[in-house]
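Have a look at upload_13.csv below; it lists CSV, C-alpha atoms.
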chain,number,residue,atom,x,y,z
G,801,MET,CA,126.6,-34.4,129.3
G,802,ARG,CA,123.0,-33.3,129.2
G,803,GLU,CA,123.6,-30.3,131.4
G,804,PHE,CA,125.8,-28.7,128.6
G,805,ALA,CA,123.3,-29.5,125.8
G,806,GLU,CA,121.5,-26.2,125.9
G,807,TYR,CA,124.7,-24.3,125.5
G,808,MET,CA,125.5,-26.1,122.2
G,809,SER,CA,124.9,-24.4,118.8
G,810,ASP,CA,124.2,-27.8,117.2
G,811,ALA,CA,121.3,-30.1,117.9
G,812,PHE,CA,122.3,-32.6,120.7
G,813,VAL,CA,120.4,-35.9,120.9
G,814,GLN,CA,120.5,-38.9,123.1
G,815,CYS,CA,119.1,-42.0,121.3
G,816,ARG,CA,118.1,-45.5,122.1
G,817,MET,CA,118.6,-48.2,119.4
G,818,VAL,CA,115.6,-50.4,118.9
G,819,ARG,CA,114.4,-53.0,116.3
G,820,ASP,CA,110.9,-53.4,114.9
G,821,GLU,CA,109.0,-56.7,114.6
G,822,ARG,CA,110.9,-57.5,111.4
G,823,GLY,CA,114.3,-56.9,113.0
G,824,LYS,CA,114.9,-53.6,111.3
G,825,PHE,CA,116.8,-50.9,113.1
G,826,ASP,CA,114.9,-47.8,114.4
G,827,VAL,CA,115.9,-44.9,116.7
G,828,VAL,CA,114.0,-43.5,119.7
G,829,VAL,CA,115.0,-40.0,121.0
G,830,ILE,CA,115.5,-40.1,124.7
G,831,PHE,CA,116.7,-36.5,125.2
G,832,ALA,CA,117.4,-33.6,122.9
G,833,ASN,CA,118.1,-29.9,123.2
G,834,LYS,CA,115.9,-27.2,121.6
G,835,ASN,CA,118.1,-27.0,118.5
G,836,LEU,CA,116.7,-30.3,117.3
G,837,GLU,CA,113.4,-28.6,116.7
G,838,TYR,CA,115.1,-26.2,114.2
G,839,ILE,CA,116.8,-29.1,112.3
G,840,THR,CA,113.7,-31.3,112.1
G,841,ASN,CA,110.8,-28.8,112.1
G,842,LYS,CA,109.2,-30.9,114.8
G,843,THR,CA,108.6,-30.0,118.5
G,844,LEU,CA,110.4,-31.8,121.3
G,845,GLU,CA,107.1,-33.2,122.4
G,846,GLU,CA,106.7,-34.8,119.0
G,847,LEU,CA,110.3,-36.1,119.0
G,848,ILE,CA,110.9,-37.5,122.5
G,849,ASP,CA,110.0,-41.2,123.1
G,850,ASN,CA,108.9,-41.8,119.5
G,851,ARG,CA,110.5,-43.9,116.8
G,852,MET,CA,112.3,-42.1,114.0
G,853,THR,CA,110.3,-43.8,111.3
G,854,GLU,CA,107.0,-42.8,113.0
G,855,ILE,CA,108.0,-39.2,113.2
G,856,PHE,CA,109.2,-39.0,109.6
G,857,PRO,CA,107.2,-41.3,107.4
G,858,ALA,CA,109.1,-39.9,104.4
G,859,LEU,CA,112.0,-42.0,105.5
G,860,SER,CA,110.3,-45.1,104.1
G,861,ASP,CA,110.6,-43.6,100.6
G,862,SER,CA,114.2,-42.4,101.0
G,863,ILE,CA,117.2,-43.9,99.3
G,864,PHE,CA,118.9,-43.9,102.6
G,865,ASP,CA,117.8,-46.1,105.6
G,866,TRP,CA,118.8,-43.5,108.2
G,867,PRO,CA,117.9,-45.5,111.3
G,868,LYS,CA,120.1,-48.3,110.1
G,869,ILE,CA,122.9,-46.0,109.0
G,870,LEU,CA,123.0,-44.2,112.4
G,871,CYS,CA,122.7,-47.4,114.5
G,872,GLU,CA,125.5,-49.2,112.5
G,873,ALA,CA,127.7,-46.1,112.8
G,874,ALA,CA,127.2,-46.2,116.6
G,875,LEU,CA,127.9,-49.9,116.8
G,876,THR,CA,131.0,-50.0,114.6
G,877,SER,CA,133.0,-46.9,115.6
G,878,ASP,CA,133.7,-44.7,118.6
G,879,HIS,CA,133.1,-41.6,116.6
G,880,THR,CA,131.6,-41.4,113.1
G,881,VAL,CA,131.0,-38.2,111.0
G,882,ILE,CA,128.3,-38.4,108.2
G,883,GLU,CA,127.5,-35.5,105.9
G,884,GLN,CA,124.5,-36.0,103.6
G,885,TYR,CA,121.2,-34.5,102.4
G,886,VAL,CA,118.3,-35.8,104.5
G,887,ASN,CA,115.0,-35.7,102.6
G,888,ALA,CA,112.9,-36.0,105.8
G,889,PHE,CA,114.5,-32.8,107.1
G,890,GLU,CA,114.9,-31.1,103.7
G,891,LYS,CA,118.4,-30.2,104.8
G,892,PHE,CA,122.0,-31.0,104.2
G,893,VAL,CA,123.3,-32.0,107.7
G,894,LYS,CA,126.4,-33.2,109.5
G,895,PHE,CA,125.9,-36.1,112.0
G,896,ASN,CA,128.5,-36.8,114.7
G,897,VAL,CA,127.7,-40.3,116.1
G,898,PHE,CA,129.5,-41.3,119.3
G,899,GLY,CA,129.2,-42.7,122.9
G,900,TYR,CA,127.5,-46.0,122.3
G,901,LYS,CA,126.8,-48.1,125.4
G,902,ASP,CA,123.9,-50.5,126.3
G,903,GLN,CA,121.8,-49.7,123.2
G,904,VAL,CA,122.2,-45.9,123.8
G,905,PHE,CA,124.3,-43.5,121.8
G,906,TYR,CA,124.6,-39.8,121.1
G,907,LEU,CA,124.3,-37.5,118.1
G,908,THR,CA,125.1,-33.9,117.3
G,909,ILE,CA,123.5,-32.6,114.2
G,910,GLN,CA,124.7,-29.5,112.3
G,911,ASP,CA,122.7,-27.8,109.5
G,912,LEU,CA,125.1,-27.3,106.5
G,913,THR,CA,122.4,-26.5,104.0
G,914,ASP,CA,123.1,-22.8,103.6
G,915,GLN,CA,126.9,-23.5,103.6
G,916,ARG,CA,126.5,-26.0,100.7
G,917,LYS,CA,124.3,-23.6,98.7
G,918,THR,CA,126.5,-20.6,99.2
G,919,ARG,CA,129.1,-21.3,96.5
G,920,ARG,CA,126.4,-22.0,93.8
G,921,VAL,CA,124.4,-19.0,94.8
G,922,ILE,CA,127.4,-16.7,94.7
G,923,LEU,CA,128.4,-18.1,91.3
G,924,GLU,CA,124.9,-17.4,89.9
G,925,LYS,CA,124.7,-14.0,91.4
G,926,ASP,CA,128.1,-13.0,90.1
G,927,ARG,CA,127.0,-13.9,86.6
G,928,GLN,CA,123.7,-12.1,87.0
G,929,ILE,CA,125.3,-8.9,88.2
G,930,LYS,CA,127.4,-8.7,85.0
G,931,HIS,CA,124.2,-8.3,83.0
G,932,LEU,CA,122.2,-5.9,85.1
G,933,GLU,CA,122.9,-2.9,82.9
G,934,SER,CA,121.3,-4.6,79.9
G,935,GLU,CA,118.4,-6.1,81.9
G,936,LEU,CA,119.7,-9.6,81.2
G,937,LYS,CA,119.7,-10.6,84.9
G,938,SER,CA,117.5,-13.7,84.5
G,939,ARG,CA,119.1,-14.7,81.1
G,940,ALA,CA,122.6,-14.7,82.5
G,941,SER,CA,122.4,-18.2,83.7
G,942,VAL,CA,119.0,-19.5,82.5
G,943,GLU,CA,118.0,-20.8,79.1
G,944,PRO,CA,114.6,-19.2,78.3
G,945,LEU,CA,112.7,-22.1,76.7
G,946,THR,CA,113.2,-24.7,79.5
G,947,ASN,CA,114.1,-22.4,82.4
G,948,LEU,CA,117.1,-24.6,83.0
G,949,TYR,CA,120.7,-23.4,83.5
G,950,ASN,CA,122.5,-22.7,80.3
G,951,PHE,CA,125.6,-24.4,79.0
G,952,GLN,CA,128.1,-21.8,80.3
G,953,PHE,CA,126.7,-21.8,83.8
G,954,ILE,CA,126.6,-25.6,83.9
G,955,THR,CA,130.3,-25.7,82.9
G,956,ASP,CA,131.0,-23.3,85.8
G,957,CYS,CA,129.1,-25.5,88.2
G,958,ILE,CA,131.1,-28.6,87.1
G,959,LYS,CA,134.3,-26.6,87.8
G,960,GLN,CA,132.9,-25.7,91.2
G,961,SER,CA,132.1,-29.4,91.9
G,962,ILE,CA,135.7,-30.3,90.8
G,963,GLN,CA,137.0,-27.7,93.3
G,964,SER,CA,134.9,-29.2,96.1
G,965,TYR,CA,136.2,-32.6,95.2
G,966,GLN,CA,139.8,-31.4,95.3
G,967,GLU,CA,139.5,-29.4,98.5
G,968,GLU,CA,137.0,-31.5,100.5
G,969,GLY,CA,136.9,-34.9,98.8
G,970,MET,CA,133.2,-34.3,97.8
G,971,LYS,CA,132.3,-36.9,95.2
G,972,PHE,CA,129.9,-36.1,92.4
G,973,CYS,CA,128.4,-37.5,89.2
G,974,VAL,CA,127.2,-36.0,85.9
G,975,PHE,CA,124.3,-37.4,84.0
G,976,LEU,CA,124.0,-36.5,80.2
G,977,VAL,CA,120.6,-37.1,78.6
G,978,ASP,CA,119.8,-37.0,74.9
G,979,ILE,CA,116.3,-37.3,73.3
G,980,ASP,CA,116.5,-40.1,70.6
G,981,ASP,CA,115.8,-39.1,67.0
G,982,PHE,CA,114.7,-35.6,68.0
G,983,LYS,CA,115.5,-34.0,64.6
G,984,GLU,CA,113.2,-36.4,62.9
G,985,PHE,CA,110.5,-35.8,65.5
G,986,ASN,CA,110.7,-32.1,64.9
G,987,LEU,CA,110.4,-32.6,61.1
G,988,LYS,CA,107.3,-34.8,61.5
G,989,TYR,CA,105.4,-33.1,64.3
G,990,GLY,CA,106.6,-29.5,64.2
G,991,ILE,CA,108.9,-27.3,66.2
G,992,GLU,CA,106.2,-26.2,68.6
G,993,THR,CA,105.5,-29.8,69.6
G,994,GLY,CA,109.2,-30.4,69.9
G,995,ASP,CA,109.6,-27.4,72.2
G,996,ARG,CA,106.8,-28.8,74.4
G,997,VAL,CA,108.7,-32.1,74.7
G,998,LEU,CA,111.9,-30.2,75.6
G,999,GLN,CA,110.0,-28.3,78.3
G,1000,ASP,CA,108.4,-31.5,79.7
G,1001,ILE,CA,111.7,-33.4,79.8
G,1002,ALA,CA,113.2,-30.4,81.6
G,1003,ARG,CA,110.4,-30.5,84.1
G,1004,ILE,CA,110.9,-34.2,84.8
G,1005,LEU,CA,114.6,-33.7,85.4
G,1006,SER,CA,114.0,-30.6,87.6
G,1007,LEU,CA,111.5,-32.4,89.8
G,1008,SER,CA,113.8,-35.4,90.2
G,1009,ALA,CA,116.8,-33.3,91.3
G,1010,ARG,CA,117.7,-32.8,94.9
G,1011,LYS,CA,118.2,-29.3,96.2
G,1012,ILE,CA,122.0,-29.7,96.0
G,1013,ASP,CA,121.9,-30.9,92.4
G,1014,VAL,CA,122.0,-28.7,89.2
G,1015,VAL,CA,120.1,-29.3,86.0
G,1016,GLY,CA,120.8,-27.6,82.7
G,1017,ARG,CA,120.3,-27.7,78.9
G,1018,TYR,CA,123.5,-29.0,77.3
G,1019,GLY,CA,122.5,-28.6,73.7
G,1020,ASN,CA,119.5,-28.6,71.4
G,1021,ASP,CA,118.1,-31.9,72.6
G,1022,LYS,CA,120.6,-32.7,75.4
G,1023,PHE,CA,120.3,-32.1,79.1
G,1024,VAL,CA,122.8,-32.5,82.0
G,1025,MET,CA,122.3,-33.1,85.7
G,1026,ILE,CA,125.1,-32.6,88.2
G,1027,LEU,CA,124.5,-34.8,91.2
G,1028,ASN,CA,126.6,-33.5,94.1
G,1029,ASN,CA,127.9,-35.3,97.1
G,1030,ILE,CA,127.0,-38.7,95.9
G,1031,GLU,CA,128.6,-41.9,94.8
G,1032,ILE,CA,127.7,-43.6,91.5
G,1033,ASP,CA,125.8,-46.5,93.1
G,1034,ILE,CA,123.3,-44.1,94.7
G,1035,ALA,CA,123.2,-41.9,91.6
G,1036,LYS,CA,122.2,-45.0,89.6
G,1037,ILE,CA,119.0,-45.3,91.7
G,1038,ILE,CA,118.1,-41.7,91.1
G,1039,ILE,CA,118.7,-42.1,87.3
G,1040,GLU,CA,116.6,-45.2,87.2
G,1041,ARG,CA,113.7,-43.2,88.7
G,1042,ILE,CA,114.2,-40.5,86.1
G,1043,LYS,CA,114.1,-43.1,83.3
G,1044,MET,CA,110.9,-44.5,84.7
G,1045,GLU,CA,109.3,-41.1,84.7
G,1046,ILE,CA,110.4,-40.4,81.1
G,1047,ASP,CA,109.1,-43.8,80.0
G,1048,ARG,CA,105.7,-42.9,81.6
G,1049,TYR,CA,105.6,-39.6,79.7
G,1050,ASP,CA,102.6,-39.6,77.4
G,1051,LEU,CA,102.8,-37.3,74.3
G,1052,ASN,CA,99.2,-38.0,73.3
G,1053,ILE,CA,100.3,-38.1,69.6
G,1054,ASP,CA,99.9,-41.2,67.5
G,1055,ASN,CA,100.9,-43.4,70.5
G,1056,LYS,CA,104.3,-41.9,70.0
G,1057,ALA,CA,106.7,-42.6,72.9
G,1058,ILE,CA,109.8,-40.5,73.8
G,1059,ASN,CA,113.0,-42.4,74.3
G,1060,THR,CA,116.2,-41.0,75.8
G,1061,SER,CA,119.8,-42.2,75.8
G,1062,GLY,CA,122.0,-41.3,78.7
G,1063,ALA,CA,125.5,-41.5,80.3
G,1064,LEU,CA,126.2,-41.4,84.0
G,1065,VAL,CA,129.8,-40.8,85.0
G,1066,GLU,CA,131.5,-40.3,88.4
G,1067,TYR,CA,134.3,-37.7,88.7
G,1068,ARG,CA,137.6,-39.3,89.6
G,1069,GLY,CA,140.1,-36.6,89.5
G,1070,GLU,CA,140.2,-35.8,85.7
G,1071,THR,CA,140.6,-32.3,84.3
G,1072,LEU,CA,137.4,-30.6,83.2
G,1073,GLU,CA,138.1,-31.4,79.6
G,1074,GLU,CA,138.9,-35.0,80.3
G,1075,PHE,CA,135.8,-35.5,82.4
G,1076,VAL,CA,133.4,-33.9,79.8
G,1077,GLU,CA,135.0,-36.0,77.0
G,1078,LYS,CA,134.6,-39.1,79.1
G,1079,ALA,CA,130.9,-38.3,79.6
G,1080,GLU,CA,130.3,-37.5,75.9
G,1081,ASN,CA,132.1,-40.6,74.7
G,1082,LEU,CA,129.9,-42.8,76.9
G,1083,MET,CA,126.9,-40.9,75.6
G,1084,ARG,CA,127.9,-41.7,72.0
G,1085,LYS,CA,128.4,-45.3,72.9
G,1086,ALA,CA,124.9,-45.4,74.5
G,1087,GLN,CA,123.3,-43.9,71.4
G,1088,CYS,CA,125.1,-46.5,69.1
G,1089,MET,CA,123.6,-49.3,71.3
G,1090,GLY,CA,120.0,-48.3,70.5
G,1091,ARG,CA,117.1,-46.1,71.7
G,1092,GLY,CA,116.6,-45.8,75.4
G,1093,THR,CA,120.1,-47.0,76.4
G,1094,ILE,CA,121.6,-45.5,79.5
G,1095,LEU,CA,125.2,-46.4,80.4
G,1096,SER,CA,127.3,-45.8,83.5
Can I see the file as structure tokens?
Amino acid sequence: MREFAEYMSDAFVQCRMVRDERGKFDVVVIFANKNLEYITNKTLEELIDNRMTEIFPALSDSIFDWPKILCEAALTSDHTVIEQYVNAFEKFVKFNVFGYKDQVFYLTIQDLTDQRKTRRVILEKDRQIKHLESELKSRASVEPLTNLYNFQFITDCIKQSIQSYQEEGMKFCVFLVDIDDFKEFNLKYGIETGDRVLQDIARILSLSARKIDVVGRYGNDKFVMILNNIEIDIAKIIIERIKMEIDRYDLNIDNKAINTSGALVEYRGETLEEFVEKAENLMRKAQCMGRGTILS
């Protein structure tokens, strides 16, 4: 099989399954073609005969335990396909796992990053082109105060995610966020201070988003995040990290803390209107339960 590896357009990898001193799975690359360098941004000299967790320390902070996922896929199936965003590579990739025997198995890895971005990029560019004549290119999809996508573009992105779900079974979730008592905050501390809070919350959401996610402003004090290609259990982990970041946010004003209510919903085949209504209803329920409540 190795003799054909250099003719393949995907990365081809022969791996050995190992365990560390705590019994956790790890993966050692035995052989790989040159394409693995393009996927991982590492040289073959760095990759061959080294443990995956040693080559990519960022894996230890990842939501996904990739050595375990790949090893268990090899052990439990003759052929497994996994499509997911890998933080260590900063790419959306497709793994084919096959050929397990005597602790050794094979991978092919295809970079799908550009493919996944294409639909969103085309959608944004199409909207921008419509406004070129009036020099509104940057305003077509972006709300000026927070530099987040505006309501209309976010709606179009949800439609696109629904289409991906219908055509490819690509799961996604939507997270609505509302700043508690923001009207009263503006009255007490002023609109300029309120605008700074909006910009800071927008920045927290943007920094927490993955490359395949979309963040926008949903209303005056409301934000929305579309988490693509993800199930709700994993999305909850991301949202919990966002909540921790917002809880740590220091206004430096009278020991005043900012609280946000939120609703996380997974798409399950509804119409756009039904899905948005489900998210908004859950948001209202969270707000009724008290400051800082996030429901899913």
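What separates CA of Phe895 in chain G from CA of Glu967 in chain G is a distance of 20.3 Å.
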Atom pair CA of Ser1006 in chain G + CA of Thr913 in chain G, distance 18.9 Å
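You will find CA of Arg1048 in chain G at 23.4 Å from CA of Cys1088 in chain G.
The residue that comes closest to Lys868 in chain G, out of G:Ala1057, G:Met1044, G:Val1014, G:Met852 and on the basis of all atoms listed in the file, is G:Met852.
The protein and nucleic acid residues lying at most 8 Å from range 959-963 of chain G are G:Arg919, G:Arg920, G:Met970, G:Phe972, G:Asn1028, G:Tyr1067, G:Gly1069, G:Leu1072, with only C-alpha atoms considered and sequence neighbours fewer than 6 positions away removed.
Those residues that approach Ile1037 in chain G to within 8 Å, counting only C-alpha atoms, are Ile863, Asp1033 and Arg1041 of chain G; same-chain residues fewer than 4 positions away are not listed.
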List the spatial neighbours of Leu912 in chain G as an NGL selection string - criterion: any atom at most 9 Å away, all atoms listed in the file, same-chain residues fewer than 4 positions off excluded. :G and (883 or 891-894 or 916-917)
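Comparing the minimum interatomic distances between Leu1064 in chain G and each of G:Asp978, G:Glu872, G:Asp1047, G:Glu992, counting all atoms listed in the file, we find that G:Asp978 sits nearest.
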Extract, using all atoms listed in the file, all DNA, RNA and protein residues at most 12 Å from Lys842 in chain G, discarding same-chain residues fewer than 3 positions from it, and format them as an MDAnalysis selection string. chainID G and resid 832 834:839 845:848 850 852 855:856 888:889
For Phe985 in chain G, list every protein, DNA or RNA residue within 12 Å, evaluated using all atoms listed in the file, and leave out those in the same chain fewer than 3 positions away; present the list as a ChimeraX atom specification. /G:979-982,988-998,1021,1051,1053,1056-1059
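Here the question is which of G:Thr1060, G:Glu854, G:Ser941, G:Thr1071 gets nearest to Met1083 in chain G using all atoms listed in the file, and that residue is G:Thr1060.
Using only C-alpha atoms, the nearest neighbour of Cys957 in chain G within the list G:Ala1009, G:Val1065, G:Val881, G:Leu1027 is G:Leu1027.
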Got a sec to check which residues sit within 8 Å of (124.2, -34.4, 76.2), counting all atoms listed in the file, and write them as number ranges by chain? G: 976-978, 1018-1019, 1021-1024, 1062, 1080, 1083
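Of the residues under consideration (G:Val942, G:Leu870, G:Ile1026, G:Ala811), G:Ile1026 shows the shortest atom-to-atom contact distance to Ile1012 in chain G when counting only C-alpha atoms.
Nearest residue to Lys1036 in chain G among G:Phe898, G:Arg1084, G:Leu923, G:Val974 is G:Val974, counting only C-alpha atoms.
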